[in-house]
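So this block is my_file.cif, mmCIF, C-alpha atoms:
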```cif
data_final
loop_
_atom_site.label_atom_id
_atom_site.label_comp_id
_atom_site.auth_asym_id
_atom_site.auth_seq_id
_atom_site.Cartn_x
_atom_site.Cartn_y
_atom_site.Cartn_z
CA MET N 1 0.00 0.00 0.00
CA ASP N 2 2.95 2.33 0.58
CA GLY N 3 3.71 2.14 -3.13
CA LEU N 4 0.16 3.15 -4.01
CA ILE N 5 0.29 6.13 -1.63
CA ALA N 6 3.63 7.25 -3.08
CA ARG N 7 2.33 6.89 -6.65
CA HIS N 8 -0.79 8.91 -5.83
CA LYS N 9 1.29 11.68 -4.26
CA LYS N 10 3.70 11.77 -7.20
CA GLU N 11 0.90 11.98 -9.75
CA HIS N 12 -1.58 14.21 -7.95
CA GLY N 13 0.59 16.23 -5.58
CA SER N 14 -0.93 15.04 -2.29
CA ASN N 15 -1.49 11.88 -0.30
CA PRO N 16 -4.77 9.99 -0.83
CA GLN N 17 -7.50 10.69 1.69
CA VAL N 18 -9.10 7.26 1.35
CA ILE N 19 -7.99 3.88 -0.01
CA ALA N 20 -10.52 1.07 -0.49
CA SER N 21 -9.90 -2.52 -1.52
CA ALA N 22 -12.21 -5.18 -3.00
CA PRO N 23 -11.58 -8.82 -3.96
CA GLY N 24 -12.10 -10.69 -7.18
CA ILE N 25 -14.60 -13.53 -7.21
CA LEU N 26 -14.73 -17.19 -8.22
CA ASN N 27 -17.88 -18.96 -9.34
CA LEU N 28 -17.94 -22.39 -7.70
CA MET N 29 -21.35 -23.49 -9.00
CA GLY N 30 -24.24 -22.00 -10.95
CA GLU N 31 -22.65 -21.09 -14.27
CA HIS N 32 -24.98 -19.16 -16.59
CA THR N 33 -27.91 -19.39 -14.19
CA ASP N 34 -27.70 -15.76 -13.04
CA TYR N 35 -29.51 -14.24 -16.00
CA ASN N 36 -32.19 -16.93 -15.65
CA GLU N 37 -33.06 -15.93 -12.06
CA GLY N 38 -31.29 -19.03 -10.82
CA CYS N 39 -28.84 -19.60 -7.95
CA VAL N 40 -25.08 -19.34 -7.73
CA ILE N 41 -22.36 -20.23 -5.26
CA GLN N 42 -19.40 -17.86 -5.37
CA THR N 43 -16.47 -17.03 -3.17
CA THR N 44 -13.98 -14.20 -3.01
CA ILE N 45 -10.35 -14.75 -3.96
CA ASN N 46 -7.08 -13.51 -2.49
CA ARG N 47 -6.48 -11.12 -5.37
CA ARG N 48 -7.68 -7.56 -4.99
CA VAL N 49 -8.04 -4.10 -6.48
CA PHE N 50 -6.94 -1.03 -4.49
CA VAL N 51 -8.37 2.41 -5.25
CA ALA N 52 -6.89 5.59 -3.72
CA VAL N 53 -8.90 8.83 -3.92
CA SER N 54 -8.58 12.44 -2.88
CA ALA N 55 -10.94 15.36 -3.40
CA ARG N 56 -10.25 18.19 -5.83
CA LYS N 57 -11.39 21.81 -5.62
CA ASP N 58 -12.89 21.67 -9.14
CA ASN N 59 -15.05 19.19 -11.10
CA SER N 60 -12.14 17.49 -12.85
CA LEU N 61 -11.69 13.72 -12.69
CA ARG N 62 -8.15 12.41 -13.06
CA PHE N 63 -7.60 8.67 -13.14
CA ILE N 64 -4.33 6.74 -13.31
CA LEU N 65 -3.77 3.01 -13.55
CA ALA N 66 -0.54 2.76 -11.56
CA ASP N 67 0.47 -0.68 -12.84
CA SER N 68 0.62 0.50 -16.46
CA ASP N 69 0.94 4.28 -15.94
CA GLU N 70 -2.12 4.79 -18.15
CA LYS N 71 -4.03 8.02 -17.50
CA LYS N 72 -7.56 9.21 -18.29
CA ARG N 73 -9.30 12.53 -17.66
CA THR N 74 -12.83 13.90 -17.76
CA THR N 75 -15.16 16.03 -15.62
CA VAL N 76 -18.20 15.35 -13.46
CA PRO N 77 -20.59 17.13 -15.88
CA ASN N 78 -19.16 15.07 -18.77
CA LEU N 79 -19.71 11.53 -17.50
CA LYS N 80 -20.16 9.75 -20.83
CA TYR N 81 -19.17 6.32 -22.05
CA LYS N 82 -16.23 6.40 -24.44
CA ARG N 83 -14.83 3.19 -25.92
CA GLU N 84 -11.27 4.55 -25.85
CA ASP N 85 -11.49 5.13 -22.08
CA ARG N 86 -11.74 1.37 -21.49
CA TRP N 87 -11.16 0.72 -17.74
CA ALA N 88 -12.01 4.32 -16.81
CA ASN N 89 -15.58 3.73 -18.00
CA TYR N 90 -16.15 1.55 -14.93
CA LEU N 91 -15.24 4.48 -12.70
CA LYS N 92 -17.29 6.96 -14.69
CA GLY N 93 -20.24 4.57 -14.56
CA VAL N 94 -20.11 4.41 -10.75
CA LEU N 95 -20.08 8.20 -10.50
CA PHE N 96 -22.86 8.50 -13.08
CA GLU N 97 -25.06 6.18 -11.04
CA LEU N 98 -24.28 8.01 -7.79
CA VAL N 99 -25.30 11.29 -9.43
CA ASN N 100 -28.54 9.64 -10.60
CA MET N 101 -29.14 8.48 -7.03
CA GLY N 102 -28.94 12.11 -5.89
CA PHE N 103 -25.48 12.21 -4.34
CA PRO N 104 -23.37 15.37 -4.85
CA VAL N 105 -20.29 13.99 -6.60
CA LYS N 106 -17.33 16.37 -6.92
CA GLY N 107 -13.92 16.33 -8.59
CA LEU N 108 -11.49 13.51 -7.76
CA ASP N 109 -7.92 12.36 -8.15
CA VAL N 110 -7.86 8.56 -8.40
CA THR N 111 -5.03 6.02 -8.43
CA ILE N 112 -5.66 2.30 -9.05
CA SER N 113 -3.55 -0.78 -8.49
CA GLY N 114 -4.29 -4.48 -8.22
CA ASN N 115 -3.42 -8.05 -9.15
CA ILE N 116 -6.67 -9.44 -10.58
CA ILE N 117 -6.15 -10.40 -14.22
CA PRO N 118 -8.95 -8.80 -16.28
CA GLY N 119 -11.03 -10.66 -18.84
CA ILE N 120 -10.72 -14.19 -17.44
CA GLY N 121 -13.88 -14.43 -15.34
CA LEU N 122 -12.52 -13.53 -11.90
CA GLY N 123 -14.51 -10.33 -11.38
CA ALA N 124 -11.76 -7.76 -12.02
CA SER N 125 -14.19 -5.09 -13.22
CA ALA N 126 -16.62 -5.77 -10.37
CA ALA N 127 -13.83 -5.42 -7.79
CA LEU N 128 -12.78 -2.11 -9.37
CA GLU N 129 -16.34 -0.78 -9.31
CA VAL N 130 -16.98 -1.89 -5.74
CA ALA N 131 -13.68 -0.55 -4.38
CA PHE N 132 -14.19 2.79 -6.13
CA ALA N 133 -17.78 3.12 -4.90
CA ALA N 134 -16.64 2.38 -1.34
CA ALA N 135 -13.79 4.90 -1.53
CA VAL N 136 -16.03 7.67 -2.89
CA ASN N 137 -18.69 6.85 -0.31
CA ARG N 138 -16.19 7.26 2.55
CA LEU N 139 -14.51 10.34 1.07
CA PHE N 140 -17.73 12.32 0.61
CA GLY N 141 -19.61 10.88 3.58
CA PHE N 142 -22.54 9.65 1.50
CA ASN N 143 -23.37 6.90 4.04
CA LEU N 144 -24.47 4.50 1.32
CA GLU N 145 -26.31 1.42 2.44
CA GLU N 146 -24.74 -1.82 1.29
CA SER N 147 -27.50 -2.31 -1.28
CA GLN N 148 -26.87 1.17 -2.72
CA LEU N 149 -23.15 0.51 -3.04
CA ILE N 150 -23.89 -2.75 -4.90
CA GLN N 151 -26.38 -0.92 -7.12
CA ALA N 152 -23.92 1.82 -8.04
CA ALA N 153 -21.24 -0.76 -8.86
CA SER N 154 -23.45 -3.14 -10.86
CA TYR N 155 -25.34 -0.45 -12.80
CA ALA N 156 -22.01 1.03 -13.86
CA GLU N 157 -21.33 -2.11 -15.87
CA ALA N 158 -24.81 -3.20 -16.93
CA THR N 159 -26.34 0.21 -17.72
CA PHE N 160 -23.60 2.81 -18.25
CA ILE N 161 -21.27 0.49 -20.17
CA GLY N 162 -24.02 -1.78 -21.48
CA ARG N 163 -22.37 -5.14 -20.85
CA ASN N 164 -24.50 -8.24 -20.47
CA THR N 165 -23.80 -8.77 -16.79
CA GLU N 166 -25.87 -9.40 -13.68
CA ILE N 167 -25.44 -8.12 -10.14
CA THR N 168 -23.73 -11.30 -8.92
CA ASP N 169 -20.02 -10.36 -8.96
CA GLN N 170 -20.51 -6.93 -7.40
CA PHE N 171 -22.77 -8.44 -4.74
CA VAL N 172 -20.25 -11.05 -3.62
CA SER N 173 -17.23 -8.73 -3.88
CA THR N 174 -19.07 -6.44 -1.46
CA ILE N 175 -20.34 -8.92 1.14
CA GLY N 176 -17.71 -11.68 0.91
CA LYS N 177 -16.09 -13.09 4.03
CA LYS N 178 -12.85 -14.90 4.77
CA ASP N 179 -13.13 -18.71 4.49
CA LYS N 180 -16.74 -18.48 3.31
CA ALA N 181 -18.67 -19.03 0.10
CA VAL N 182 -21.89 -17.18 -0.70
CA PHE N 183 -25.06 -18.89 -1.89
CA LEU N 184 -27.08 -16.24 -3.75
CA ASP N 185 -30.62 -16.52 -5.09
CA LEU N 186 -30.79 -14.22 -8.10
CA ARG N 187 -34.57 -13.97 -8.00
CA SER N 188 -34.95 -12.77 -4.43
CA LEU N 189 -31.32 -11.67 -3.76
CA ASP N 190 -31.49 -13.67 -0.54
CA PHE N 191 -28.08 -15.04 0.37
CA GLU N 192 -26.41 -17.36 2.84
CA TYR N 193 -22.80 -17.78 3.93
CA LEU N 194 -21.41 -21.30 3.53
CA PRO N 195 -18.38 -22.50 5.50
CA LEU N 196 -15.48 -23.53 3.26
CA ASP N 197 -13.91 -26.07 5.58
CA LEU N 198 -11.40 -27.48 3.10
CA LYS N 199 -9.37 -29.51 5.62
CA GLU N 200 -6.42 -30.93 3.63
CA HIS N 201 -7.69 -29.63 0.31
CA ASN N 202 -7.20 -26.58 -1.88
CA ILE N 203 -9.39 -24.77 -4.37
CA VAL N 204 -7.06 -24.25 -7.32
CA ILE N 205 -7.65 -21.81 -10.17
CA ILE N 206 -5.94 -22.27 -13.52
CA ASN N 207 -5.89 -19.41 -16.00
CA SER N 208 -5.83 -21.07 -19.42
CA ASN N 209 -4.36 -17.89 -20.97
CA VAL N 210 -6.30 -18.53 -24.19
CA PRO N 211 -5.67 -15.31 -26.14
CA GLY N 212 -8.28 -13.00 -27.63
CA THR N 213 -11.35 -14.49 -26.02
CA GLU N 214 -13.15 -11.51 -24.46
CA ALA N 215 -14.87 -10.24 -27.62
CA VAL N 216 -15.84 -13.79 -28.59
CA ARG N 217 -17.25 -14.40 -25.13
CA GLU N 218 -19.38 -11.24 -25.21
CA ALA N 219 -20.95 -12.18 -28.55
CA GLU N 220 -21.54 -15.80 -27.62
CA LEU N 221 -23.08 -14.95 -24.25
CA LEU N 222 -25.47 -12.49 -25.84
CA GLU N 223 -26.57 -15.32 -28.14
CA ARG N 224 -27.03 -17.66 -25.14
CA LYS N 225 -29.22 -15.09 -23.38
CA GLU N 226 -31.39 -14.84 -26.46
CA GLN N 227 -31.61 -18.63 -26.62
CA CYS N 228 -32.65 -18.77 -22.96
CA ALA N 229 -35.48 -16.33 -23.70
CA GLU N 230 -36.45 -18.54 -26.63
CA CYS N 231 -36.50 -21.55 -24.27
CA VAL N 232 -39.01 -19.77 -22.05
CA GLU N 233 -41.20 -18.96 -25.06
CA TYR N 234 -41.38 -22.64 -26.00
CA LEU N 235 -42.00 -23.87 -22.46
CA ASN N 236 -44.63 -21.18 -21.92
CA ARG N 237 -46.84 -22.96 -24.43
CA LYS N 238 -47.50 -25.66 -21.85
CA LYS N 239 -46.72 -23.97 -18.51
CA PRO N 240 -46.53 -20.25 -17.66
CA GLY N 241 -43.24 -18.89 -16.35
CA ARG N 242 -41.07 -15.77 -16.62
CA SER N 243 -37.64 -17.42 -16.68
CA LEU N 244 -36.02 -20.85 -16.81
CA ARG N 245 -36.02 -20.78 -13.00
CA ASP N 246 -39.75 -21.62 -13.20
CA TYR N 247 -39.25 -24.94 -15.01
CA SER N 248 -38.04 -28.45 -14.16
CA MET N 249 -36.50 -31.36 -16.02
CA ASP N 250 -39.99 -32.88 -16.20
CA ASP N 251 -41.12 -29.80 -18.11
CA ILE N 252 -38.34 -30.38 -20.62
CA SER N 253 -39.31 -34.04 -20.95
CA GLY N 254 -42.91 -33.00 -21.49
CA GLY N 255 -41.78 -30.66 -24.24
CA LEU N 256 -40.08 -33.31 -26.38
CA GLY N 257 -41.14 -32.74 -29.95
CA LEU N 258 -41.96 -29.15 -29.08
CA LEU N 259 -38.40 -28.05 -28.25
CA PRO N 260 -35.76 -27.90 -31.01
CA GLU N 261 -32.68 -29.91 -30.01
CA GLN N 262 -30.38 -26.95 -29.40
CA ILE N 263 -33.02 -25.22 -27.27
CA ARG N 264 -33.56 -28.44 -25.32
CA ARG N 265 -29.84 -28.60 -24.49
CA ILE N 266 -29.81 -24.96 -23.38
CA CYS N 267 -32.80 -25.61 -21.09
CA THR N 268 -31.21 -28.77 -19.76
CA HIS N 269 -28.05 -26.98 -18.67
CA VAL N 270 -29.69 -23.99 -16.98
CA ILE N 271 -32.31 -26.02 -15.13
CA GLY N 272 -29.80 -28.71 -14.16
CA GLU N 273 -27.19 -26.18 -13.04
CA THR N 274 -29.72 -24.36 -10.88
CA GLN N 275 -30.61 -27.66 -9.23
CA ARG N 276 -26.91 -28.47 -8.75
CA SER N 277 -26.44 -25.11 -7.02
CA LEU N 278 -29.27 -25.85 -4.60
CA GLU N 279 -27.87 -29.32 -3.88
CA ALA N 280 -24.30 -28.03 -3.59
CA CYS N 281 -25.42 -25.58 -0.91
CA SER N 282 -26.36 -28.50 1.36
CA VAL N 283 -23.32 -30.54 0.33
CA ILE N 284 -20.86 -27.75 1.22
CA LYS N 285 -22.55 -27.11 4.56
CA SER N 286 -22.24 -30.80 5.41
CA GLY N 287 -18.55 -30.87 4.44
CA LYS N 288 -18.95 -33.60 1.81
CA LEU N 289 -16.11 -32.44 -0.40
CA ASP N 290 -16.00 -35.66 -2.43
CA VAL N 291 -19.64 -35.20 -3.40
CA PHE N 292 -19.03 -31.56 -4.27
CA GLY N 293 -16.10 -32.61 -6.46
CA ARG N 294 -18.34 -34.93 -8.46
CA MET N 295 -20.79 -32.08 -8.89
CA LEU N 296 -18.02 -29.94 -10.36
CA ASN N 297 -17.40 -32.68 -12.92
CA ARG N 298 -21.08 -32.88 -13.89
CA SER N 299 -21.27 -29.12 -14.19
CA HIS N 300 -18.40 -29.09 -16.68
CA GLU N 301 -19.96 -31.86 -18.75
CA SER N 302 -23.14 -29.83 -19.07
CA LEU N 303 -21.29 -26.60 -19.88
CA ARG N 304 -19.33 -28.44 -22.57
CA ASP N 305 -22.06 -30.59 -24.12
CA ASN N 306 -25.31 -28.72 -23.47
CA TYR N 307 -24.46 -25.04 -23.16
CA GLU N 308 -21.45 -25.32 -25.48
CA VAL N 309 -19.32 -22.59 -23.88
CA SER N 310 -16.13 -24.57 -23.26
CA CYS N 311 -13.14 -24.83 -25.61
CA PRO N 312 -10.35 -27.38 -26.28
CA GLU N 313 -7.95 -25.74 -23.82
CA LEU N 314 -10.44 -25.75 -20.93
CA ASP N 315 -11.53 -29.30 -21.74
CA TRP N 316 -7.91 -30.46 -21.71
CA LEU N 317 -7.25 -28.86 -18.32
CA VAL N 318 -10.41 -30.36 -16.84
CA LYS N 319 -9.80 -33.83 -18.31
CA ARG N 320 -6.20 -33.98 -17.07
CA SER N 321 -7.36 -32.85 -13.63
CA GLN N 322 -10.10 -35.46 -13.46
CA GLU N 323 -7.63 -38.20 -14.41
CA MET N 324 -5.33 -37.56 -11.45
CA ASP N 325 -5.55 -39.26 -8.10
CA GLY N 326 -6.26 -36.80 -5.30
CA ILE N 327 -8.34 -34.41 -7.43
CA LEU N 328 -11.96 -34.50 -6.35
CA GLY N 329 -13.41 -32.55 -9.25
CA SER N 330 -12.80 -29.88 -11.86
CA ARG N 331 -14.72 -27.63 -14.24
CA MET N 332 -14.47 -24.45 -16.27
CA THR N 333 -15.60 -21.33 -14.45
CA GLY N 334 -16.79 -17.99 -15.78
CA GLY N 335 -18.26 -17.15 -19.17
CA GLY N 336 -16.24 -19.70 -21.10
CA PHE N 337 -14.37 -19.75 -24.45
CA GLY N 338 -11.16 -19.39 -22.46
CA GLY N 339 -10.63 -18.04 -18.97
CA CYS N 340 -10.21 -20.34 -15.99
CA THR N 341 -10.87 -23.74 -14.51
CA VAL N 342 -11.49 -24.45 -10.83
CA SER N 343 -10.45 -27.73 -9.20
CA LEU N 344 -10.79 -29.21 -5.73
CA ILE N 345 -7.45 -30.85 -4.93
CA GLU N 346 -5.89 -32.72 -2.04
CA SER N 347 -2.93 -30.66 -0.83
CA ARG N 348 -0.58 -33.66 -0.99
CA VAL N 349 -0.82 -33.89 -4.81
CA LEU N 350 -0.49 -30.18 -5.59
CA ASP N 351 3.15 -30.36 -6.71
CA ASN N 352 2.47 -33.37 -8.95
CA TYR N 353 -0.52 -31.54 -10.38
CA LYS N 354 1.60 -28.55 -11.37
CA GLU N 355 4.14 -30.85 -13.04
CA ARG N 356 1.41 -32.62 -15.00
CA LEU N 357 0.18 -29.34 -16.42
CA GLN N 358 3.55 -28.59 -18.00
CA GLU N 359 2.27 -30.59 -20.99
CA TYR N 360 -0.26 -27.83 -21.65
CA GLU N 361 2.29 -25.36 -23.01
CA HIS N 362 3.76 -27.95 -25.39
CA ILE N 363 0.30 -28.71 -26.80
CA PHE N 364 -1.27 -25.24 -26.99
CA GLY N 365 1.72 -22.91 -27.16
CA PHE N 366 1.04 -20.81 -24.09
CA GLU N 367 1.59 -21.43 -20.40
CA PRO N 368 -1.23 -21.71 -17.86
CA GLU N 369 -1.12 -19.73 -14.63
CA ILE N 370 -1.91 -21.65 -11.44
CA PHE N 371 -2.85 -20.18 -8.08
CA ILE N 372 -4.66 -21.24 -4.94
CA CYS N 373 -7.92 -19.56 -4.04
CA GLU N 374 -8.03 -18.32 -0.46
CA PRO N 375 -11.43 -16.71 0.27
CA SER N 376 -10.86 -13.21 1.64
CA GLU N 377 -12.87 -10.37 3.10
CA GLY N 378 -15.18 -8.34 0.88
CA VAL N 379 -14.77 -4.65 0.23
CA LYS N 380 -13.09 -2.66 2.99
CA ILE N 381 -11.49 0.69 3.70
CA VAL N 382 -7.77 0.10 4.24
CA PHE N 383 -6.74 3.76 4.69
CA PRO N 384 -7.21 5.59 6.95
CA GLU N 385 -7.28 2.76 9.43
CA LYS N 386 -10.12 2.76 11.93
#
```
Could you write out this file's structure as structure tokens?
Amino acid sequence: MDGLIARHKKEHGSNPQVIASAPGILNLMGEHTDYNEGCVIQTTINRRVFVAVSARKDNSLRFILADSDEKKRTTVPNLKYKREDRWANYLKGVLFELVNMGFPVKGLDVTISGNIIPGIGLGASAALEVAFAAAVNRLFGFNLEESQLIQAASYAEATFIGRNTEITDQFVSTIGKKDKAVFLDLRSLDFEYLPLDLKEHNIVIINSNVPGTEAVREAELLERKEQCAECVEYLNRKKPGRSLRDYSMDDISGGLGLLPEQIRRICTHVIGETQRSLEACSVIKSGKLDVFGRMLNRSHESLRDNYEVSCPELDWLVKRSQEMDGILGSRMTGGGFGGCTVSLIESRVLDNYKERLQEYEHIFGFEPEIFICEPSEGVKIVFPEK
């Protein structure tokens, strides 16, 4: 943090008044159920974004990304989305939403640092939005309720930027707790903390490093959302409902002949994954890690075969993981078409596991990044200390 303070002072001429930090997130179960009013199980990770802010005497907004020395500027009256502003749009979106909520936003100097890799499904943008909203809230004394902070962060991405995202990542990055997972119902926004008592196990994340996947993912996920809406239209002919959350596997079986094959597979994944999330909630609470591992495997099979959002690199990583003794389960996590896998691994085989994955670079031409997920606290003010 000393480096961030020094960088802020060098760039803006004064020490930051507030520094906030928020974690990235990992989706353990419930992939692609969020936009179908389903359920998810997520946890925070031990990679974070830090945002330092100080107030200005004018309406100028000056942002710097300390890790790359990239700078952006605008003003409070000119909070508009600009493609060329890239990461700064997340910050502008938060301020835009706060203004819409009636809060008197003023000029700011902002410095950002962090170690969450963007674009691989670990909630880098959500952590940035949440940390920035928390820092601005403390600096100006807005006294935002937790729900308002989540709203400002999530609307920045979904409305201001116009990305096809739900509230899930911002929600969990805000409320996360050390050594806990969060079960979240996307219809009611009710949530429950689940104890992650891993004993002699680790949750291991592998970044496949598949290049150039973000634009592909955005286009494909928009198509999947449209297909989910089409699923509901078909199923509505026999049973009323507003989302796939309202249907069961029996409803799909009853729709044979009515549902085109691709639509049937889409329905099968979303409904099955929602049910897996509900079951996994009980399994995690009871500490049955072997059962949860098998559920990870089934989730990946459905994402690969039914929802069709995996890719050869992710499938290879999952298959090699599932073949090894001491690995309870593995699946892709995030939007797909690249990004990460998550595996539940006995600590004793971790070194052998890393050695086994050296084959990946020889086959695909780029090296995977491996790190252990340690669930950490949600958003917090780290300066000034209480």
(message) I need the output of the PyMOL selection byres ((chain N and resi 20-24) around 8) for this file as JSON, numbers by chain; which residues are they?
(response) {"N": [18, 19, 25, 26, 44, 45, 46, 47, 48, 49, 50, 51, 52, 116, 122, 123, 124, 126, 127, 128, 130, 131, 132, 134, 135, 173, 174, 376, 377, 378, 379, 380, 381, 382, 383]}
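For the set N:Leu28, N:Ala158, N:Ile175, N:Cys267, the residue with the smallest atom-to-atom gap to N:Ser299 is N:Leu28, counting only C-alpha atoms.
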(request) Would you kindly translate the PyMOL selection byres ((chain N and resi 231) around 9) into the concrete residues it picks from this file, as a PyMOL selection string? (result) chain N and resi 226-230+232-236+243-244+259+263-264+266-267
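This file, queried with the PyMOL selection byres ((chain N and resi 300) around 9), gives the residues Met295, Leu296, Asn297, Arg298, Ser299, Glu301, Ser302, Leu303, Arg304, Asp305, Ser310, Asp315, Val318, Ser330, Arg331, Met332 and Thr333 of chain N.
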(request) Taking the point (-28.0, 8.6, -6.6) as given in the file, collect each protein or nucleic acid residue that comes within 12 Å of it, counting only C-alpha atoms, and present the set as a VMD selection string. (result) chain N and resid 93 to 105 133 137 142 to 145 148 to 149 151 to 153 155
Could those residues be written to a file, using C-alpha atoms, as a compact mmCIF listing (two decimals), in the frame of the given file?
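This went into result-v3.txt:
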```
# COMPACT_ATOMS: atom_id res chain seq x y z
CA GLY N 93 -20.24 4.57 -14.56
CA VAL N 94 -20.11 4.41 -10.75
CA LEU N 95 -20.08 8.20 -10.50
CA PHE N 96 -22.86 8.50 -13.08
CA GLU N 97 -25.06 6.18 -11.04
CA LEU N 98 -24.28 8.01 -7.79
CA VAL N 99 -25.30 11.29 -9.43
CA ASN N 100 -28.54 9.64 -10.60
CA MET N 101 -29.14 8.48 -7.03
CA GLY N 102 -28.94 12.11 -5.89
CA PHE N 103 -25.48 12.21 -4.34
CA PRO N 104 -23.37 15.37 -4.85
CA VAL N 105 -20.29 13.99 -6.60
CA ALA N 133 -17.78 3.12 -4.90
CA ASN N 137 -18.69 6.85 -0.31
CA PHE N 142 -22.54 9.65 1.50
CA ASN N 143 -23.37 6.90 4.04
CA LEU N 144 -24.47 4.50 1.32
CA GLU N 145 -26.31 1.42 2.44
CA GLN N 148 -26.87 1.17 -2.72
CA LEU N 149 -23.15 0.51 -3.04
CA GLN N 151 -26.38 -0.92 -7.12
CA ALA N 152 -23.92 1.82 -8.04
CA ALA N 153 -21.24 -0.76 -8.86
CA TYR N 155 -25.34 -0.45 -12.80
```
Give me the residues within 12 Å of N:Cys39 as a JSON list (two decimals) with C-alpha atoms, in the coordinates of the input, counting all atoms listed in the file and dropping any in the same chain fewer than 6 places off.
```
[["chain", "number", "residue", "atom", "x", "y", "z"],
["N", 27, "ASN", "CA", -17.88, -18.96, -9.34],
["N", 28, "LEU", "CA", -17.94, -22.39, -7.70],
["N", 29, "MET", "CA", -21.35, -23.49, -9.00],
["N", 30, "GLY", "CA", -24.24, -22.00, -10.95],
["N", 31, "GLU", "CA", -22.65, -21.09, -14.27],
["N", 32, "HIS", "CA", -24.98, -19.16, -16.59],
["N", 33, "THR", "CA", -27.91, -19.39, -14.19],
["N", 168, "THR", "CA", -23.73, -11.30, -8.92],
["N", 182, "VAL", "CA", -21.89, -17.18, -0.70],
["N", 183, "PHE", "CA", -25.06, -18.89, -1.89],
["N", 184, "LEU", "CA", -27.08, -16.24, -3.75],
["N", 185, "ASP", "CA", -30.62, -16.52, -5.09],
["N", 186, "LEU", "CA", -30.79, -14.22, -8.10],
["N", 187, "ARG", "CA", -34.57, -13.97, -8.00],
["N", 188, "SER", "CA", -34.95, -12.77, -4.43],
["N", 189, "LEU", "CA", -31.32, -11.67, -3.76],
["N", 190, "ASP", "CA", -31.49, -13.67, -0.54],
["N", 191, "PHE", "CA", -28.08, -15.04, 0.37],
["N", 192, "GLU", "CA", -26.41, -17.36, 2.84],
["N", 244, "LEU", "CA", -36.02, -20.85, -16.81],
["N", 245, "ARG", "CA", -36.02, -20.78, -13.00],
["N", 270, "VAL", "CA", -29.69, -23.99, -16.98],
["N", 271, "ILE", "CA", -32.31, -26.02, -15.13],
["N", 272, "GLY", "CA", -29.80, -28.71, -14.16],
["N", 273, "GLU", "CA", -27.19, -26.18, -13.04],
["N", 274, "THR", "CA", -29.72, -24.36, -10.88],
["N", 275, "GLN", "CA", -30.61, -27.66, -9.23],
["N", 276, "ARG", "CA", -26.91, -28.47, -8.75],
["N", 277, "SER", "CA", -26.44, -25.11, -7.02],
["N", 278, "LEU", "CA", -29.27, -25.85, -4.60],
["N", 279, "GLU", "CA", -27.87, -29.32, -3.88],
["N", 280, "ALA", "CA", -24.30, -28.03, -3.59],
["N", 281, "CYS", "CA", -25.42, -25.58, -0.91]]
```
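Between N:Val40 and the candidates N:Glu214, N:Glu157, N:Asp109, N:Glu166, the tightest atom-to-atom separation, counting all atoms listed in the file, involves N:Glu166.
In this model, the gap between atom CA of N:Leu79 and atom CA of N:Ile150 comes to 19.5 Å.
Among N:Asp290, N:Glu346, N:Asp351, N:Asp179, the residue with the shortest atom-to-atom distance to N:Cys373, counting all atoms listed in the file, is N:Asp179.
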(request) Find the residues around N:Glu359 up to 12 Å (only C-alpha atoms counted), leave out those fewer than 3 positions away in its own chain, and share them as a PyMOL selection string. (result) chain N and resi 313+316-317+320+353-356+362-368
(message) Give me, as a list of chain:residue names, all polymer residues having an atom no more than 10 Å from N:Lys199, counting all atoms listed in the file and skipping those fewer than 4 positions away in the same chain.
(response)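 Result of the neighbour search: N:Gly287, N:Leu289, N:Glu346, N:Ser347.
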(message) Which residues are near N:Phe337? Cut-off 12 Å, all atoms listed in the file, ignore same chain within fewer than 6 positions. Put them as a ChimeraX atom specification.
(response) /N:119-121,207-221,303-304,307-315
(message) Just the number, please: distance in Å from atom CA of N:Gly254 to atom CA of N:Asn306, one decimal.
(response) 18.2 Å
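You will find atom CA of N:Ile41 at 29.0 Å from atom CA of N:Arg86.
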(request) Compare N:Gly335, N:Lys178, N:Leu328, N:Met249 by their minimum atom-to-atom distance to N:Leu196, counting only C-alpha atoms, and give me the closest one. (result)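 Residue with the minimum atom-to-atom distance to N:Leu196: N:Lys178.
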